[in-house]
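Asker: This is coords-v7.txt, which holds compact mmCIF, C-alpha atoms:
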```
# COMPACT_ATOMS: atom_id res chain seq x y z
CA MET Z 1 53.95 -32.34 -27.04
CA SER Z 2 55.00 -35.83 -26.14
CA ARG Z 3 53.28 -38.45 -24.04
CA HIS Z 4 56.15 -38.05 -21.59
CA THR Z 5 55.07 -34.44 -20.97
CA ASN Z 6 51.50 -35.56 -20.27
CA GLU Z 7 52.86 -38.11 -17.80
CA ASP Z 8 54.95 -35.38 -16.12
CA LEU Z 9 51.88 -33.21 -15.82
CA ILE Z 10 49.80 -36.05 -14.37
CA ARG Z 11 52.50 -36.73 -11.78
CA GLU Z 12 52.80 -33.02 -10.92
CA LEU Z 13 49.04 -32.68 -10.47
CA ALA Z 14 48.61 -35.95 -8.59
CA GLY Z 15 51.49 -34.98 -6.30
CA ASP Z 16 49.41 -32.08 -5.02
CA LEU Z 17 46.05 -33.61 -4.23
CA PRO Z 18 44.74 -32.58 -0.83
CA ARG Z 19 41.23 -33.68 0.13
CA VAL Z 20 38.61 -31.13 -0.97
CA THR Z 21 35.05 -30.49 0.13
CA ALA Z 22 32.60 -30.32 -2.76
CA ILE Z 23 30.95 -26.97 -3.40
CA SER Z 24 27.52 -26.68 -1.79
CA ARG Z 25 24.33 -27.39 -3.75
CA LEU Z 26 22.77 -24.49 -5.65
CA ARG Z 27 19.58 -24.75 -3.57
CA VAL Z 28 21.60 -24.57 -0.35
CA ALA Z 29 23.46 -21.49 -1.58
CA ALA Z 30 20.17 -19.93 -2.73
CA ALA Z 31 18.59 -20.67 0.66
CA LYS Z 32 21.51 -18.96 2.44
CA VAL Z 33 21.09 -15.90 0.20
CA LEU Z 34 17.36 -15.73 0.93
CA VAL Z 35 17.79 -16.27 4.68
CA LEU Z 36 20.35 -13.49 4.87
CA TRP Z 37 18.10 -11.23 2.80
CA LEU Z 38 15.13 -11.95 5.07
CA GLY Z 39 17.36 -11.26 8.09
CA ALA Z 40 18.45 -7.92 6.64
CA VAL Z 41 14.83 -7.01 5.85
CA ALA Z 42 13.70 -8.01 9.36
CA VAL Z 43 16.48 -6.00 11.05
CA SER Z 44 15.78 -3.00 8.84
CA GLY Z 45 12.03 -3.32 9.55
CA ILE Z 46 12.63 -3.47 13.32
CA LEU Z 47 14.96 -0.46 13.22
CA SER Z 48 12.82 1.71 10.93
CA GLY Z 49 9.32 0.50 11.85
CA ASP Z 50 8.48 -0.03 8.16
CA HIS Z 51 6.46 -3.11 7.26
CA PRO Z 52 4.27 -4.08 4.34
CA SER Z 53 0.64 -2.98 4.73
CA PHE Z 54 -0.72 -6.04 2.82
CA GLY Z 55 -3.91 -4.58 1.52
CA ALA Z 56 -4.36 -1.90 4.17
CA ASP Z 57 -3.72 0.80 1.58
CA SER Z 58 -4.75 1.24 -2.02
CA SER Z 59 -1.34 0.37 -3.45
CA TRP Z 60 -2.07 -3.36 -3.05
CA THR Z 61 -4.94 -3.12 -5.48
CA ASP Z 62 -2.94 -1.01 -7.93
CA ALA Z 63 -1.97 -3.01 -11.04
CA VAL Z 64 1.27 -1.05 -11.59
CA HIS Z 65 2.39 -1.57 -7.99
CA LEU Z 66 1.70 -5.31 -8.17
CA SER Z 67 3.29 -5.79 -11.58
CA VAL Z 68 6.48 -4.02 -10.42
CA LEU Z 69 6.50 -6.27 -7.35
CA VAL Z 70 6.00 -9.46 -9.38
CA GLY Z 71 8.52 -8.32 -12.01
CA MET Z 72 11.11 -7.58 -9.32
CA ALA Z 73 10.60 -11.03 -7.77
CA ILE Z 74 11.03 -12.68 -11.19
CA LEU Z 75 14.09 -10.55 -11.98
CA ALA Z 76 15.76 -11.20 -8.61
CA GLY Z 77 15.01 -14.93 -8.71
CA GLY Z 78 16.25 -15.33 -12.28
CA ALA Z 79 19.42 -13.31 -11.71
CA LEU Z 80 20.13 -15.15 -8.48
CA LEU Z 81 19.80 -18.54 -10.19
CA THR Z 82 21.96 -17.39 -13.13
CA ALA Z 83 24.72 -16.04 -10.88
CA LEU Z 84 24.86 -19.11 -8.64
CA ALA Z 85 24.64 -21.61 -11.52
CA SER Z 86 27.39 -19.81 -13.43
CA ALA Z 87 29.79 -20.71 -10.61
CA VAL Z 88 29.37 -24.45 -11.17
CA PRO Z 89 30.63 -26.09 -14.38
CA GLY Z 90 27.98 -28.30 -15.91
CA ARG Z 91 25.04 -26.22 -14.62
CA GLU Z 92 24.67 -24.27 -17.87
CA ARG Z 93 21.07 -25.42 -18.27
CA ALA Z 94 20.11 -23.98 -14.87
CA ALA Z 95 21.97 -20.78 -15.77
CA GLY Z 96 20.08 -20.64 -19.08
CA VAL Z 97 16.73 -21.03 -17.32
CA GLY Z 98 17.78 -18.31 -14.86
CA ARG Z 99 18.75 -16.01 -17.74
CA ALA Z 100 15.39 -16.49 -19.47
CA VAL Z 101 13.52 -15.81 -16.21
CA ALA Z 102 15.68 -12.73 -15.52
CA VAL Z 103 15.02 -11.33 -19.01
CA LEU Z 104 11.29 -11.79 -18.40
CA GLY Z 105 11.73 -9.98 -15.08
CA VAL Z 106 13.59 -7.09 -16.74
CA ALA Z 107 10.81 -6.73 -19.30
CA CYS Z 108 8.20 -6.82 -16.57
CA VAL Z 109 9.99 -4.30 -14.30
CA VAL Z 110 10.88 -1.86 -17.08
CA GLY Z 111 7.44 -2.20 -18.71
CA SER Z 112 5.64 -1.67 -15.38
CA GLY Z 113 7.91 1.25 -14.46
CA LEU Z 114 7.17 2.97 -17.76
CA TRP Z 115 3.48 2.14 -17.44
CA GLY Z 116 3.54 3.84 -14.04
CA ILE Z 117 4.83 7.15 -15.43
CA ALA Z 118 2.55 7.13 -18.48
CA GLY Z 119 0.42 10.21 -18.30
CA GLU Z 120 1.97 11.36 -15.03
CA GLN Z 121 3.23 14.91 -14.77
CA ALA Z 122 7.00 14.88 -14.16
CA ALA Z 123 7.96 16.75 -11.00
CA ASN Z 124 11.08 18.84 -10.64
CA LEU Z 125 14.06 16.54 -11.31
CA GLY Z 126 15.98 17.66 -8.22
CA GLU Z 127 13.01 16.98 -5.93
CA LEU Z 128 12.39 13.68 -7.65
CA LEU Z 129 15.98 12.51 -7.17
CA ALA Z 130 16.05 13.69 -3.55
CA GLY Z 131 12.75 11.90 -2.84
CA SER Z 132 13.88 8.66 -4.47
CA PHE Z 133 17.40 8.59 -3.08
CA ALA Z 134 16.45 6.97 0.25
CA CYS Z 135 14.56 4.09 -1.42
CA PHE Z 136 17.36 3.69 -3.96
CA GLY Z 137 20.00 3.45 -1.23
CA TYR Z 138 17.87 1.13 0.92
CA ALA Z 139 17.32 -1.23 -2.02
CA ILE Z 140 21.05 -1.60 -2.62
CA ALA Z 141 21.90 -1.78 1.10
CA LEU Z 142 19.33 -4.52 1.72
CA GLY Z 143 20.89 -6.55 -1.10
CA LEU Z 144 24.47 -6.28 0.18
CA PRO Z 145 24.37 -9.20 2.68
CA SER Z 146 22.98 -11.47 -0.06
CA LEU Z 147 25.59 -10.18 -2.47
CA TRP Z 148 28.29 -11.16 0.00
CA ILE Z 149 27.03 -14.78 0.03
CA ILE Z 150 26.78 -14.91 -3.78
CA ALA Z 151 30.30 -13.46 -4.11
CA ALA Z 152 31.67 -16.06 -1.69
CA PHE Z 153 29.99 -18.81 -3.73
CA LEU Z 154 31.37 -17.37 -6.99
CA SER Z 155 34.91 -17.14 -5.63
CA ARG Z 156 34.73 -20.76 -4.47
CA GLY Z 157 33.28 -21.83 -7.82
CA ALA Z 158 34.62 -21.51 -11.35
CA PRO Z 159 32.57 -18.97 -13.32
CA ALA Z 160 33.48 -18.71 -17.01
CA SER Z 161 33.33 -14.89 -16.80
CA ARG Z 162 33.71 -13.23 -13.41
CA ARG Z 163 32.56 -9.85 -14.71
CA ILE Z 164 29.31 -11.14 -16.15
CA ALA Z 165 28.66 -13.30 -13.08
CA SER Z 166 29.33 -10.28 -10.83
CA ALA Z 167 27.00 -8.03 -12.80
CA VAL Z 168 24.23 -10.63 -12.68
CA ALA Z 169 24.85 -11.21 -8.96
CA ALA Z 170 24.52 -7.47 -8.33
CA VAL Z 171 21.23 -7.38 -10.28
CA GLY Z 172 19.91 -10.31 -8.23
CA ALA Z 173 20.97 -8.95 -4.85
CA ALA Z 174 19.77 -5.39 -5.51
CA GLY Z 175 16.58 -6.90 -6.99
CA LEU Z 176 15.89 -8.61 -3.67
CA GLY Z 177 16.50 -5.31 -1.89
CA ALA Z 178 14.28 -3.42 -4.34
CA PHE Z 179 11.51 -6.00 -3.88
CA ALA Z 180 11.52 -5.39 -0.11
CA VAL Z 181 11.62 -1.61 -0.53
CA HIS Z 182 8.78 -1.64 -3.06
CA ALA Z 183 6.68 -3.83 -0.73
CA VAL Z 184 6.92 -1.37 2.20
CA CYS Z 185 7.27 2.03 0.53
CA PRO Z 186 4.03 4.04 0.82
CA ILE Z 187 4.93 6.35 -2.10
CA THR Z 188 3.23 5.17 -5.29
CA GLY Z 189 4.20 8.01 -7.65
CA GLY Z 190 5.29 6.64 -11.03
CA TYR Z 191 8.58 8.54 -11.23
CA HIS Z 192 9.47 7.66 -7.63
CA VAL Z 193 8.80 3.95 -8.31
CA LEU Z 194 10.82 4.05 -11.51
CA LEU Z 195 13.85 5.83 -10.00
CA GLY Z 196 13.78 4.56 -6.41
CA HIS Z 197 12.47 1.02 -6.88
CA CYS Z 198 13.02 -0.15 -10.47
CA LEU Z 199 16.41 1.39 -11.17
CA PRO Z 200 18.61 0.05 -8.30
CA PRO Z 201 19.29 -3.45 -9.74
CA PHE Z 202 20.56 -2.01 -13.01
CA VAL Z 203 22.64 0.73 -11.40
CA ALA Z 204 24.04 -1.81 -8.92
CA ALA Z 205 25.16 -3.98 -11.84
CA GLY Z 206 26.94 -1.02 -13.42
CA LEU Z 207 28.56 0.16 -10.19
CA LEU Z 208 29.43 -3.13 -8.52
CA ALA Z 209 30.30 -5.51 -11.39
CA LEU Z 210 33.97 -4.56 -11.70
CA PRO Z 211 34.86 -4.20 -7.98
CA LEU Z 212 32.97 -7.41 -7.24
CA ALA Z 213 34.77 -9.27 -10.05
CA ALA Z 214 38.08 -8.06 -8.62
CA LEU Z 215 37.05 -9.24 -5.15
CA ILE Z 216 36.01 -12.63 -6.50
CA ALA Z 217 39.27 -12.96 -8.43
CA ARG Z 218 41.19 -12.08 -5.28
CA GLY Z 219 39.20 -14.62 -3.29
CA SER Z 220 39.84 -17.34 -5.89
CA ARG Z 221 43.54 -16.48 -6.11
CA ALA Z 222 43.98 -16.52 -2.35
CA GLU Z 223 43.27 -20.27 -2.56
CA SER Z 224 46.35 -20.89 -4.66
CA ASP Z 225 48.43 -17.73 -4.67
CA PRO Z 226 49.49 -16.25 -1.32
CA LEU Z 227 51.58 -13.55 -3.03
CA SER Z 228 48.43 -11.81 -4.20
CA ALA Z 229 47.50 -11.09 -0.61
CA HIS Z 230 50.84 -9.39 0.13
CA MET A 1 29.27 -48.49 -22.61
CA ASN A 2 28.85 -44.75 -22.03
CA ASP A 3 27.03 -45.33 -18.73
CA GLU A 4 29.77 -47.67 -17.62
CA ARG A 5 32.42 -45.07 -18.48
CA GLU A 6 30.43 -42.32 -16.78
CA ALA A 7 30.14 -44.42 -13.61
CA ARG A 8 33.85 -45.29 -13.66
CA TRP A 9 34.98 -41.67 -14.14
CA ARG A 10 32.52 -40.44 -11.56
CA GLY A 11 33.85 -42.97 -9.03
CA TRP A 12 37.45 -41.95 -9.72
CA MET A 13 36.58 -38.27 -9.47
CA VAL A 14 34.88 -38.72 -6.10
CA ALA A 15 37.90 -40.69 -4.90
CA ALA A 16 40.21 -37.91 -6.19
CA GLN A 17 38.21 -35.36 -4.19
CA ALA A 18 39.02 -37.46 -1.13
CA GLY A 19 42.73 -37.30 -2.05
CA ASP A 20 43.08 -40.74 -3.73
CA VAL A 21 46.16 -40.27 -5.97
CA PRO A 22 46.02 -43.57 -7.96
CA CYS A 23 42.36 -42.95 -8.90
CA PHE A 24 43.16 -39.40 -9.97
CA GLU A 25 46.06 -40.59 -12.14
CA LYS A 26 43.87 -43.27 -13.76
CA LEU A 27 41.18 -40.67 -14.42
CA LEU A 28 43.59 -38.23 -16.07
CA ARG A 29 45.18 -40.96 -18.22
CA GLU A 30 41.77 -42.06 -19.52
CA LEU A 31 40.65 -38.49 -20.08
CA ILE A 32 43.60 -37.42 -22.25
CA PRO A 33 42.53 -39.23 -25.49
CA TYR A 34 38.85 -38.42 -24.85
CA LEU A 35 39.61 -34.74 -24.32
CA GLY A 36 41.95 -34.74 -27.31
CA ARG A 37 39.03 -35.72 -29.58
CA PHE A 38 36.66 -33.30 -27.84
CA VAL A 39 39.05 -30.35 -28.19
CA GLN A 40 40.13 -31.18 -31.75
CA ARG A 41 36.52 -31.28 -32.96
CA ARG A 42 36.06 -27.71 -31.71
CA LEU A 43 39.48 -26.20 -32.37
CA PHE A 44 40.50 -27.65 -35.78
CA ASP A 45 44.13 -27.16 -34.78
CA SER A 46 45.88 -30.37 -33.79
CA SER A 47 49.08 -28.62 -32.66
CA ALA A 48 47.15 -26.50 -30.16
CA ALA A 49 44.83 -29.30 -29.07
CA GLU A 50 47.43 -30.99 -26.88
CA ASP A 51 48.19 -27.70 -25.09
CA VAL A 52 44.49 -27.10 -24.51
CA VAL A 53 44.05 -30.66 -23.19
CA GLN A 54 46.82 -30.01 -20.67
CA ASN A 55 45.10 -26.77 -19.65
CA VAL A 56 41.87 -28.74 -19.17
CA LEU A 57 43.70 -31.18 -16.88
CA VAL A 58 45.07 -28.29 -14.81
CA SER A 59 41.60 -26.68 -14.64
CA LEU A 60 40.07 -30.02 -13.67
CA HIS A 61 42.59 -30.30 -10.85
CA ARG A 62 41.93 -26.74 -9.63
CA ALA A 63 38.15 -26.91 -9.93
CA ARG A 64 37.69 -30.49 -8.70
CA HIS A 65 35.76 -29.24 -5.67
CA THR A 66 33.05 -27.85 -8.00
CA TYR A 67 32.02 -31.39 -8.99
CA ARG A 68 29.19 -32.90 -6.94
CA ALA A 69 28.95 -36.68 -6.75
CA GLU A 70 25.18 -36.80 -7.37
CA ARG A 71 25.56 -35.09 -10.76
CA ARG A 72 26.84 -36.56 -14.02
CA PHE A 73 30.58 -36.24 -14.53
CA ILE A 74 30.80 -35.86 -18.31
CA PRO A 75 28.71 -32.64 -18.60
CA TRP A 76 30.89 -31.15 -15.84
CA LEU A 77 34.03 -32.19 -17.75
CA HIS A 78 32.65 -30.75 -21.00
CA ALA A 79 31.98 -27.40 -19.28
CA ILE A 80 35.56 -27.27 -17.98
CA ALA A 81 36.88 -28.18 -21.46
CA ARG A 82 34.69 -25.59 -23.21
CA ASN A 83 35.95 -22.88 -20.85
CA ALA A 84 39.55 -23.89 -21.57
CA ILE A 85 38.88 -23.72 -25.33
CA ILE A 86 37.29 -20.26 -24.96
CA ASP A 87 40.27 -19.07 -22.89
CA TYR A 88 42.71 -20.44 -25.47
CA THR A 89 40.84 -18.81 -28.37
CA ARG A 90 40.68 -15.50 -26.51
CA ILE A 91 44.41 -15.53 -25.74
CA ARG A 92 45.27 -16.50 -29.31
CA ALA A 93 43.14 -13.66 -30.70
CA ARG A 94 44.72 -11.18 -28.28
CA ARG A 95 48.20 -12.34 -29.24
CA ALA A 96 47.37 -12.11 -32.95
CA ASN A 97 46.13 -8.54 -32.49
CA ARG A 98 49.30 -7.58 -30.67
CA GLU A 99 51.47 -9.11 -33.38
CA VAL A 100 49.55 -7.27 -36.10
CA SER A 101 49.90 -3.95 -34.29
CA LEU A 102 53.63 -4.46 -33.72
CA GLU A 103 54.08 -5.40 -37.36
CA SER A 104 52.34 -2.24 -38.54
CA ASP A 105 54.04 0.07 -36.04
CA ARG A 106 57.51 -1.33 -36.72
CA VAL A 107 58.57 -0.50 -33.20
CA PRO A 108 61.49 -2.62 -32.03
CA GLU A 109 60.49 -4.49 -28.88
CA PRO A 110 62.98 -4.06 -26.05
CA ALA A 111 64.44 -7.36 -24.95
CA VAL A 112 63.01 -8.49 -21.64
CA ASP A 113 65.65 -10.09 -19.50
CA ALA A 114 64.52 -11.33 -16.14
CA GLU A 115 68.11 -11.28 -14.90
CA GLU A 116 68.40 -7.57 -15.71
CA THR A 117 64.90 -6.56 -14.66
CA PRO A 118 65.21 -4.81 -11.31
CA SER A 119 63.43 -6.87 -8.68
CA PRO A 120 60.89 -5.10 -6.51
CA GLN A 121 61.72 -4.95 -2.81
CA LEU A 122 60.38 -8.08 -1.13
CA SER A 123 59.71 -8.30 2.55
CA PRO A 124 62.25 -10.39 4.50
CA GLU A 125 59.41 -12.82 5.31
CA LEU A 126 58.70 -13.37 1.62
CA GLN A 127 62.40 -13.70 0.80
CA ARG A 128 62.76 -16.43 3.44
CA ALA A 129 59.59 -18.13 2.15
CA LEU A 130 60.90 -18.04 -1.44
CA ALA A 131 64.22 -19.52 -0.32
CA SER A 132 62.35 -22.50 1.15
CA LEU A 133 60.96 -23.53 -2.28
CA THR A 134 62.51 -26.07 -4.65
CA ASP A 135 64.52 -24.52 -7.50
CA PRO A 136 61.87 -25.09 -10.24
CA GLN A 137 59.08 -23.73 -8.01
CA ARG A 138 61.10 -20.67 -6.99
CA GLU A 139 62.03 -19.97 -10.60
CA ALA A 140 58.36 -20.15 -11.68
CA VAL A 141 57.11 -17.90 -8.87
CA GLU A 142 59.93 -15.38 -9.33
CA LEU A 143 59.55 -15.14 -13.10
CA ILE A 144 55.80 -14.53 -12.88
CA HIS A 145 55.43 -12.50 -9.71
CA VAL A 146 58.78 -10.88 -9.04
CA HIS A 147 59.85 -10.11 -12.62
CA GLY A 148 56.28 -9.76 -13.90
CA LEU A 149 56.73 -11.89 -17.02
CA SER A 150 53.74 -13.37 -18.82
CA ILE A 151 53.20 -17.13 -18.59
CA ALA A 152 54.45 -17.54 -22.17
CA GLU A 153 57.59 -15.47 -21.57
CA ALA A 154 58.30 -17.14 -18.24
CA ALA A 155 57.80 -20.62 -19.75
CA LYS A 156 60.19 -19.79 -22.59
CA ARG A 157 62.81 -18.59 -20.14
CA ALA A 158 62.41 -21.65 -17.91
CA GLY A 159 62.48 -23.95 -20.96
CA VAL A 160 59.18 -25.68 -20.16
CA THR A 161 55.62 -25.54 -21.49
CA GLY A 162 53.25 -22.88 -20.19
CA THR A 163 51.14 -25.53 -18.49
CA ALA A 164 54.14 -27.06 -16.71
CA LEU A 165 55.17 -23.60 -15.53
CA LYS A 166 51.67 -22.89 -14.21
CA VAL A 167 51.70 -26.19 -12.31
CA ARG A 168 55.11 -25.37 -10.79
CA ALA A 169 53.96 -21.90 -9.80
CA HIS A 170 50.74 -23.31 -8.32
CA ARG A 171 52.67 -25.80 -6.20
CA GLY A 172 55.08 -23.03 -5.24
CA TYR A 173 52.17 -20.85 -4.04
CA ARG A 174 50.89 -23.65 -1.83
CA ALA A 175 54.34 -24.22 -0.34
CA LEU A 176 54.76 -20.47 0.21
CA ARG A 177 51.43 -20.22 1.95
CA ALA A 178 52.24 -23.19 4.20
CA TYR A 179 55.62 -21.64 5.05
CA ILE A 180 54.16 -18.20 5.82
CA GLU A 181 51.32 -19.63 7.92
CA ALA A 182 53.76 -21.82 9.88
CA SER A 183 56.17 -18.93 10.52
CA ARG A 184 53.32 -16.66 11.69
CA LEU A 185 52.11 -19.39 14.02
CA GLU A 186 55.62 -19.71 15.44
CA GLU A 187 55.79 -15.93 15.96
CA ARG A 188 52.48 -16.01 17.85
CA VAL A 189 53.71 -18.88 20.04
CA ASP A 190 56.95 -16.98 20.76
CA GLU A 191 54.96 -13.90 21.81
```
Could the structure of this file be written out as structure tokens, please?
Answerer:
Amino acid sequence: MSRHTNEDLIRELAGDLPRVTAISRLRVAAAKVLVLWLGAVAVSGILSGDHPSFGADSSWTDAVHLSVLVGMAILAGGALLTALASAVPGRERAAGVGRAVAVLGVACVVGSGLWGIAGEQAANLGELLAGSFACFGYAIALGLPSLWIIAAFLSRGAPASRRIASAVAAVGAAGLGAFAVHAVCPITGGYHVLLGHCLPPFVAAGLLALPLAALIARGSRAESDPLSAH
Amino acid sequence: MNDEREARWRGWMVAAQAGDVPCFEKLLRELIPYLGRFVQRRLFDSSAAEDVVQNVLVSLHRARHTYRAERRFIPWLHAIARNAIIDYTRIRARRANREVSLESDRVPEPAVDAEETPSPQLSPELQRALASLTDPQREAVELIHVHGLSIAEAAKRAGVTGTALKVRAHRGYRALRAYIEASRLEERVDE
């Protein structure tokens, strides 16, 4: 390719150079996600009357309960950082730190969940699923507002892989939801905690990664390609 | 030396974000040889390196809002370049797989002719918007979106490089959007 072609390209690109606003800082985006999550938790708490008992019941002295809670916080925080950092070129180190933290969180959540069912008699599967369904749904629903903010940030940014970023975003958002649910849910049964509290982030990643990636792609394309919206 | 270059490129990039065309042109001209070396070290294919460098320039233009002035410019540039190299390698591998499977199947590929491909029905609004584009922009948008050709096929048909075709299409999309938004605004005013 000749130098002339490079010059043509430079002229073409420079001929279309509207002013742009720089993408927001990662900490600002993370703060928006957390504020929206707190808002969703507050609204849900007001509507349902559920709130954390903070030591008023025995679950707050239970090692399994606390380790699931801590693990979920680590998982959600790590996944959130990974997803947001993956939208910004040059923030690979932050994304790497987020990944390491998220992996630690996964180990902690899965380990604690399995620790919780160790030695526990499994109830009837149908009853177990029915009993855990509400917590499972709540965890994902409470993460949806945060997921919306992360998706908006990803579609404005330039993630190397939209599918991976979407899956990680879903883990982070549902992790935030699961953290809130685990903090207020009075049921401490090991199988209920595993299915209703520990599982939602991973199922959310499986269910939401592809539709979210498509949404993000559509959002990114809408910036430069109006035909895609027709 | 490196700090001086970093500061110069960062300054030009910030100016480009504010719409300063001369600074953007200076930045791209200085980046081409630098990116050429960066890409060649990772790709080991000098013929492809120039194409990848052009893709990096297009990506840099599209993703310029993801750069923040308080951060270093060169790591941001390297991330954009690495993504372009990964994209190129992925596309090349996919193309190689397709060629191997065609070779083994011995199935004659039907000739794709954009002139003969039936065009999907476009809304009158889109037809008017397309008519408002320059000839090269309309050709790029039609080949990709109306006739559904790949970038490589469309570029071959238009007689330009894939990167040049993508730039034309990108500018065409912007013009289309401006046209459609303006015509909708007019409709609202008329109502």
Asker: Counting all atoms listed in the file, collect the residues of chain Z whose closest atom lies at most 7 Å from chain A, and write them out as a list of chain:residue names.
Answerer: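 Listed by rising number, the hits are Z:Met1, Z:Leu9, Z:Ile10, Z:Leu13, Z:Ala14, Z:Leu17, Z:Pro18, Z:Arg19, Z:Val20, Z:Thr21, Z:Ala22, Z:Ile23, Z:Val88, Z:Pro89, Z:Gly90, Z:Gly157, Z:Ala158, Z:Ala160, Z:Ser224, Z:Asp225, Z:Pro226.
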Asker: Just the number, please: distance in Å from atom CA of Z:Ala79 to atom CA of Z:Ile117, one decimal.
Answerer: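 Separating atom CA of Z:Ala79 from atom CA of Z:Ile117 is a distance of 25.4 Å.
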Asker: Write out as a short mmCIF file (atom, residue, chain, number, x, y, z; two decimals) with C-alpha atoms, in the frame of the given file each polymer residue whose atoms come within 7 Å of Z:Gly113, counting all atoms listed in the file; drop sequence neighbours fewer than 5 positions from it.
Answerer:
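Output below, filename result18.cif:
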```
data_model
loop_
_atom_site.label_atom_id
_atom_site.label_comp_id
_atom_site.auth_asym_id
_atom_site.auth_seq_id
_atom_site.Cartn_x
_atom_site.Cartn_y
_atom_site.Cartn_z
CA VAL Z 68 6.48 -4.02 -10.42
CA GLY Z 190 5.29 6.64 -11.03
CA VAL Z 193 8.80 3.95 -8.31
CA LEU Z 194 10.82 4.05 -11.51
CA CYS Z 198 13.02 -0.15 -10.47
#
```
Asker: Give me, as a short mmCIF file (atom, residue, chain, number, x, y, z; two decimals) with C-alpha atoms, in the coordinates of the input, all polymer residues having an atom no more than 12 Å from Z:Gly126, counting only C-alpha atoms and skipping those fewer than 6 positions away in the same chain.
Answerer:
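out_22.cif, written as the output of this step:
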```
data_model
loop_
_atom_site.label_atom_id
_atom_site.label_comp_id
_atom_site.auth_asym_id
_atom_site.auth_seq_id
_atom_site.Cartn_x
_atom_site.Cartn_y
_atom_site.Cartn_z
CA SER Z 132 13.88 8.66 -4.47
CA PHE Z 133 17.40 8.59 -3.08
CA HIS Z 192 9.47 7.66 -7.63
#
```
Asker: One number please: atom CA of Z:Leu69 to atom CA of Z:Val184, in Å, one decimal.
Answerer: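 For atom CA of Z:Leu69 relative to atom CA of Z:Val184, the distance reads 10.7 Å.
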Asker: So what do you get for atom CA of Z:Val64 versus atom CA of Z:Ile140, distance-wise?
Answerer: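 Atom CA of Z:Ile140 lies 21.7 Å from atom CA of Z:Val64.
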Asker: If we count only C-alpha atoms and set the cut-off at 12 Å, which residues sit around Z:Pro211, ignoring sequence neighbours fewer than 5 positions away in its own chain? Please answer as a list in words.
Answerer: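 Here the qualifying residues turn out to be Ala151, Arg162, Arg163, Ser166, Ala167, Ala170, Ala204, Ala205, Gly206, Ile216, Ala217 and Arg218 of chain Z.
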